[in-house]
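Peer 1: One structure is given below, represented as structure tokens, and several questions about it will come after.
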Amino acid sequence: MTFAEQFPIVLGSLNTGFLQTFRLFLITLVGAIPLGMLLAVAEISRWKLLRAFIRTVVWIVRGSPLMIQLLIIFYFPGLVLNTPIWGGGESGRFAAASVAFIINYACYFCEIFRGGIQGIPVGQEEAGLVLGMKPAQIFFRVKLLQVIKAILPPISNEIITLIKDTSLARIIALQEIIWAGQSFMKGSQGISGVIWPLFFTGIYYLAFTGILTILFARLEKKLSYFR
Amino acid sequence: MPILEVEHLRKSFGATRVLDDISFTMEPGTALSIIGSSGSGKTTLLRCLNFLERPDAGIIRVKGETLLDAASPASDFQRNIRLKRLHFGLVFQSFNLFPQYTALENVTLAEKLLAREKPDWKDNKSAYLKSIEEHGCALLAEMGLQDRMGNYPHQLSGGQCQRVAIARALALNPDILCFDEPTSALDPELTGEVLRVIRSLADRSTTMIIVTHEMSFARDVADHVIFMDSGTICEQGSPDEVFLHPQQERTRQFLSHYAD
Amino acid sequence: MKKIVAMLLCLVLLAVSALSVAEAAGDKDYVVGKGKLIVGITDFEPMDYKDESGEWIGFDADLARAFAASLGVEIEFQEIDWDNKALELDSKNIDCVWNGMTLTEEVLAAMTCSKAYMNNAQVVVLPAAKLADYATVESLASLAFAAEAGSAGEAVLTELGYTVNAVQNQAAALMEVKAGTSDAAVIDALMAAAMVGEGTSYPDLTYTLPLNDEQYGVGFRKDSDLAAALDEFLAAALADGSLAKIAETYGVQAALITE
């Protein structure tokens with residue numbers, strides 16, 4: 001098969017793989033950002049026990065490889081509890097990967113949010129208090145935008161890492177773009193022993209991270225009106 | 001009737017006693033200067049008056065109404081704390097302006113949020129907002145900042161920032177306006193403009209408590225002076241009494257550092 | 001608090017042991033009960049691969065479909081990571097591994113397998129230019145080999161005492177040779193036929209010497225009664241000629257075990 005004949009087949013396969021990559025990326029963000037906020041709020045709450053619990057969870061999740069977490073979340077229920085809750089099909093694998101990624105990234109986001117909230121000078125809160133503002137008003141009207149501005153660089157870093165981390169989901173046979181690219185090395189759809197599709201997946205990652213980099217730069221510029 | 005009565009106020013941080021048996025009164029329309037070395041408890045006193053700290057003992061009364069009696073339970077301290085705070089205004093040493101809001105927005109934000117709690121807010125929203133906006137503009141103009149209303153804090157000098165902060169504190173019409181070393185964070189050449197503004201407020205009989213290290217200013221602007229030392233009121237009286245004829249050795253010692 | 005934690009732990013342990021007891025029922029009943037056989041595969045022409053409409057076809061795929069039909073259950077093909085095949089089985093995410101799987105000692109230890117149904121060999125893949133220099137097994141001794149970690153190829157090389165770089169999969173082993181990081185690779189004969197030569201990324205590689213003889217089988221969960229059921233099914237399919245017919249469709253009839 002000539003390159004010209006291979007190209008459309010490979011592209012179709014990579015597109016399908018990238019769609020899966022993108023879906024995992026999106027669902028992780030949608031799940032991990034609110035969960036991370038919740039964890040951050042819990043981590044600076046008044047209850048000592050809750051704080052200690054969250055800190056332990058964050059330590060475990062950030063302190064162990066995501067790959068292990070994927071394996072445990074997907075295989076543990078069937079292997080040890082004898083209840084294969086995910087189902088072996090592609091949708092089950094996607095669900096398990098989503099859960100693993102959301103938990104993992106929520107813990108990273110949690111630490112970024114916590115740092116952002118705690119990094120706002122006490123004076124901002126006190127100024128709001130003496131002006132008769134309610135705690136919620138102080139958070140949403142005074143602190144939130146400052147927190148967002150402060151955490152934008154680390155968050156964009158984390159999000160760009162996330163795109164590339166999605167490839168780890170192939171360990172539980174989620175067929176994302178790297179999987180799709182690799183399949184042509186072994187043989188798939190009549191194309192076998194072909195290496196270039198694997199390297200070509202890099203273009204997808206570059207394009208996607210490029211777009212996100214531009215988006216974040218714009219956002220940062222939008223918030224550059226204050227210091 | 002005194003506008004402010006403070007009785008036997010006491011506050012410790014751990015084993016350190018920061019305020020010890022502080023009692024004084026203020027008449028409406030007067031200015032009170034509090035002087036003393038760093039760590040003498042001046043700032044903590046202001047923070048207690050603004051309900052940023054809870055005293056361990058003592059009573060705070062404004063216009064005869066008891067806002068705080070440390071003998072009652074902690075839940076009483078929290079009850080209506082927002083409304084109690086509104087009796088006082090506080091101008092911070094480091095301004096604490098909100099960086100994402102313009103000068104005008106800094107001045108009007110709290111007033112707008114409070115207006116929402118009014119029962120007829122929904123019906124008269126635009127009228128409320130308009131009058132708040134006008135009030136804010138007038139206050140900034142009074143501070144000599146009519147050209148700076150649309151600027152963000154980082155575009156303003158320290159002196160201008162502090163004047164915005166004063167306008168912000170005035171916007172809610174507090175009974176007593178407190179200044180916590182308002183010029184300490186400023187370059188020397190910028191202190192004058194802030195002091196002039198405070199003096200003009202005193203000339204218009206604004207009730208004020210001013211914690212400051214500017215001795216000549218404290219003497220000029222105040223009707224009454226308190227000298228604090230290690231958490232206690234060491235000496236108080238008219239400016240002339242305290243500055244010209246101090247009775248206490250510690251007062252004399254303290255003032256001698258500023259004689260030039 | 002500690003008491004509550006302790007109670008919760010006890011409850012979890014109880015639940016786990018209760019579930020473990022439930023496992024005792026037969027594997028065949030379990031699959032028939034859920035009405036679906038999930039077959040773990042990799043994309044491996046001519047055993048399991050996709051046709052133009054995206055359907056899984058191939059010798060193994062067709063055979064598996066027929067077996068599922070004989071059980072009266074639906075079939076679902078699921079691509080897996082080959083390294084995790086035993087894990088996939090034990091965690092019940094798949095019900096069998098049916099993908100030209102060489103019956104190595106490791107495989108036989110980790111799974112209960114059907115009888116062998118097809119012959120295979122491990123072959124040496126070399127740059128075509130060097131082919132003439134390495135005509136015998138002994139002449140290969142000086143070479144550095146690449147082989148899939150845990151594969152039959154790696155086992156054979158280790159037995160011979162040759163230098164082996166264990167890599168992630170058979171395709172990676174070929175890439176090693178192409179990139180010059182290894183001198184030669186050892187992979188499945190069936191796979192070498194598909195992956196080396198004209199039209200691939202390895203037009204200048206070729207394969208020669210078979211190093212061993214080996215056989216393919218189907219893997220099930222440990223102690224599964226499905227292995228015996230498949231043996232019965234295969235014997236019948238061999239007898240009525242349907243097995244040979246499927247083999248002819250994919251051109252692998254020569255490798256079929258017919259005794």
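Each chain of the structure tokens is named A, B, ... in the order shown, its residues numbered from 1; ligands are numbered from 1 in display order.
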Could you work out which residues of chain B fall inside 9 Å of chain A? Count only C-alpha atoms, and format the result as JSON, numbers by chain.
Peer 2: {"B": [50, 51, 52, 81, 82, 83, 84, 85, 86, 88, 89, 90, 91, 92, 94, 95, 96, 97, 98, 99, 100, 101, 109, 110, 111, 113, 114, 152, 153, 154, 155, 168, 169, 172]}
Peer 1: Those same residues - C-alpha atoms - I'd like them written as an mmCIF file, in the first residue's frame.
Peer 2:
data_model
loop_
_atom_site.group_PDB
_atom_site.id
_atom_site.type_symbol
_atom_site.label_atom_id
_atom_site.label_comp_id
_atom_site.auth_asym_id
_atom_site.auth_seq_id
_atom_site.Cartn_x
_atom_site.Cartn_y
_atom_site.Cartn_z
ATOM 1 C CA ASN B 50 -13.749 47.156 64.291
ATOM 2 C CA PHE B 51 -14.630 43.635 65.467
ATOM 3 C CA LEU B 52 -11.645 42.088 63.707
ATOM 4 C CA ILE B 81 -21.467 41.555 63.640
ATOM 5 C CA ARG B 82 -21.762 43.133 60.192
ATOM 6 C CA LEU B 83 -24.105 45.820 61.454
ATOM 7 C CA LYS B 84 -21.950 46.479 64.517
ATOM 8 C CA ARG B 85 -18.918 46.927 62.305
ATOM 9 C CA LEU B 86 -20.705 49.594 60.296
ATOM 10 C CA PHE B 88 -16.819 52.125 62.594
ATOM 11 C CA GLY B 89 -14.740 52.765 59.510
ATOM 12 C CA LEU B 90 -11.152 51.619 59.219
ATOM 13 C CA VAL B 91 -8.362 52.952 57.023
ATOM 14 C CA PHE B 92 -5.509 50.434 56.865
ATOM 15 C CA SER B 94 -1.440 49.182 53.612
ATOM 16 C CA PHE B 95 -4.638 50.601 52.005
ATOM 17 C CA ASN B 96 -6.058 47.129 51.166
ATOM 18 C CA LEU B 97 -7.803 48.473 48.097
ATOM 19 C CA PHE B 98 -9.427 45.857 45.849
ATOM 20 C CA PRO B 99 -7.017 45.644 42.881
ATOM 21 C CA GLN B 100 -9.572 44.498 40.310
ATOM 22 C CA TYR B 101 -11.847 47.516 40.874
ATOM 23 C CA LEU B 109 -18.876 48.430 46.059
ATOM 24 C CA ALA B 110 -19.854 48.013 49.701
ATOM 25 C CA GLU B 111 -22.613 50.600 49.502
ATOM 26 C CA LEU B 113 -24.013 45.486 48.227
ATOM 27 C CA LEU B 114 -25.700 46.976 51.295
ATOM 28 C CA TYR B 152 -7.092 50.941 38.990
ATOM 29 C CA PRO B 153 -5.092 50.918 42.232
ATOM 30 C CA HIS B 154 -1.855 49.876 40.520
ATOM 31 C CA GLN B 155 -2.108 52.996 38.361
ATOM 32 C CA ARG B 168 -14.148 54.118 50.687
ATOM 33 C CA ALA B 169 -14.337 54.154 54.481
ATOM 34 C CA LEU B 172 -20.704 54.059 54.538
#
Peer 1: Do you know which residues are at most 7 Å from stretch 68-71 of chain A counting only C-alpha atoms, after dropping those on the same chain fewer than 5 positions away, and could you put them as a PyMOL selection string?
Peer 2: chain A and resi 97+100+172
Peer 1: Save out the residues we just selected, C-alpha atoms, as a CSV table (one decimal), in the first residue's frame.
Peer 2:
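Once everything was written out, this is out_24.csv:
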chain,number,residue,atom,x,y,z
A,97,ALA,CA,-10.5,6.1,33.1
A,100,ALA,CA,-9.3,7.9,37.8
A,172,ILE,CA,-6.5,-0.2,30.5
Peer 1: Can you pull out every residue within 10 Å of A:Thr213, counting only C-alpha atoms, but drop anything in the same chain fewer than 3 positions away, and send it as an NGL selection string?
Peer 2: :A and (156-157 or 159-160 or 207-210 or 216-219)
Peer 1: Write down, as a list in words, each residue of chain A that has any atom within 7 Å of an atom of chain C, counting only C-alpha atoms.
Peer 2: Met1, Thr2, Tyr75, Gly78, Leu79, Leu81, Asn82, Pro84, Gly87, Gly88, Gly89, Ile171, Ile172, Ala173, Ser183, Met185, Lys186, Gly187, Ser188, Gln189, Ser192, Gly193, Val194 and Ile195 of chain A
Peer 1: Could you take the residues named above and write them with N, CA and C atoms, as a short mmCIF file (atom, residue, chain, number, x, y, z; two decimals), in the first residue's frame?
Peer 2:
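Saved the output as out-v8.cif:
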data_model
loop_
_atom_site.label_atom_id
_atom_site.label_comp_id
_atom_site.auth_asym_id
_atom_site.auth_seq_id
_atom_site.Cartn_x
_atom_site.Cartn_y
_atom_site.Cartn_z
N MET A 1 0.84 -1.19 0.00
CA MET A 1 0.00 0.00 0.00
C MET A 1 0.88 1.25 0.00
N THR A 2 0.59 2.17 -0.89
CA THR A 2 1.42 3.38 -0.94
C THR A 2 1.03 4.32 0.20
N TYR A 75 -9.31 -2.57 37.53
CA TYR A 75 -9.24 -4.02 37.77
C TYR A 75 -9.67 -4.44 39.17
N GLY A 78 -13.36 -6.07 40.00
CA GLY A 78 -13.59 -7.43 39.54
C GLY A 78 -12.63 -8.42 40.18
N LEU A 79 -11.38 -7.95 40.38
CA LEU A 79 -10.31 -8.85 40.80
C LEU A 79 -10.44 -9.23 42.27
N LEU A 81 -12.97 -7.64 44.65
CA LEU A 81 -14.34 -7.62 45.18
C LEU A 81 -15.25 -8.56 44.39
N ASN A 82 -14.73 -9.10 43.28
CA ASN A 82 -15.49 -10.03 42.46
C ASN A 82 -16.78 -9.42 41.90
N PRO A 84 -17.34 -7.00 38.82
CA PRO A 84 -16.82 -6.16 37.73
C PRO A 84 -17.80 -5.04 37.39
N GLY A 87 -17.83 -3.28 33.50
CA GLY A 87 -18.14 -3.93 32.24
C GLY A 87 -16.88 -3.85 31.40
N GLY A 88 -16.59 -4.90 30.63
CA GLY A 88 -15.30 -4.96 29.95
C GLY A 88 -15.22 -4.14 28.69
N GLY A 89 -16.36 -3.60 28.21
CA GLY A 89 -16.37 -2.92 26.92
C GLY A 89 -15.72 -1.55 26.96
N ILE A 171 -3.27 1.99 29.17
CA ILE A 171 -2.88 0.87 30.01
C ILE A 171 -4.10 0.00 30.36
N ILE A 172 -5.30 0.61 30.38
CA ILE A 172 -6.49 -0.21 30.54
C ILE A 172 -7.22 -0.34 29.19
N ALA A 173 -6.42 -0.24 28.12
CA ALA A 173 -6.91 -0.47 26.76
C ALA A 173 -8.01 0.49 26.35
N SER A 183 -1.41 0.99 16.63
CA SER A 183 -2.04 -0.19 16.04
C SER A 183 -1.48 -0.48 14.65
N MET A 185 1.58 -0.19 13.79
CA MET A 185 2.89 -0.83 13.88
C MET A 185 2.73 -2.34 13.83
N LYS A 186 1.71 -2.83 14.55
CA LYS A 186 1.46 -4.26 14.57
C LYS A 186 0.68 -4.68 13.34
N GLY A 187 -0.26 -3.85 12.96
CA GLY A 187 -1.10 -4.17 11.83
C GLY A 187 -2.54 -3.90 12.16
N SER A 188 -3.19 -3.13 11.30
CA SER A 188 -4.59 -2.80 11.49
C SER A 188 -5.12 -2.29 10.16
N GLN A 189 -6.32 -2.69 9.81
CA GLN A 189 -6.98 -2.27 8.58
C GLN A 189 -6.07 -2.44 7.36
N SER A 192 0.24 -2.79 8.06
CA SER A 192 0.99 -3.33 9.18
C SER A 192 2.45 -2.94 9.07
N GLY A 193 3.12 -2.95 10.19
CA GLY A 193 4.54 -2.62 10.21
C GLY A 193 4.81 -1.19 9.80
N VAL A 194 3.89 -0.28 10.08
CA VAL A 194 4.09 1.12 9.70
C VAL A 194 4.25 1.98 10.95
N ILE A 195 5.35 2.72 11.01
CA ILE A 195 5.68 3.46 12.23
C ILE A 195 5.15 4.88 12.23
#
Peer 1: For C:Arg221, work out the shell of residues within 6 Å, counting only C-alpha atoms and skipping chain neighbours fewer than 3 positions away, then give it as number ranges by chain.
Peer 2: C: 89, 111-112, 224
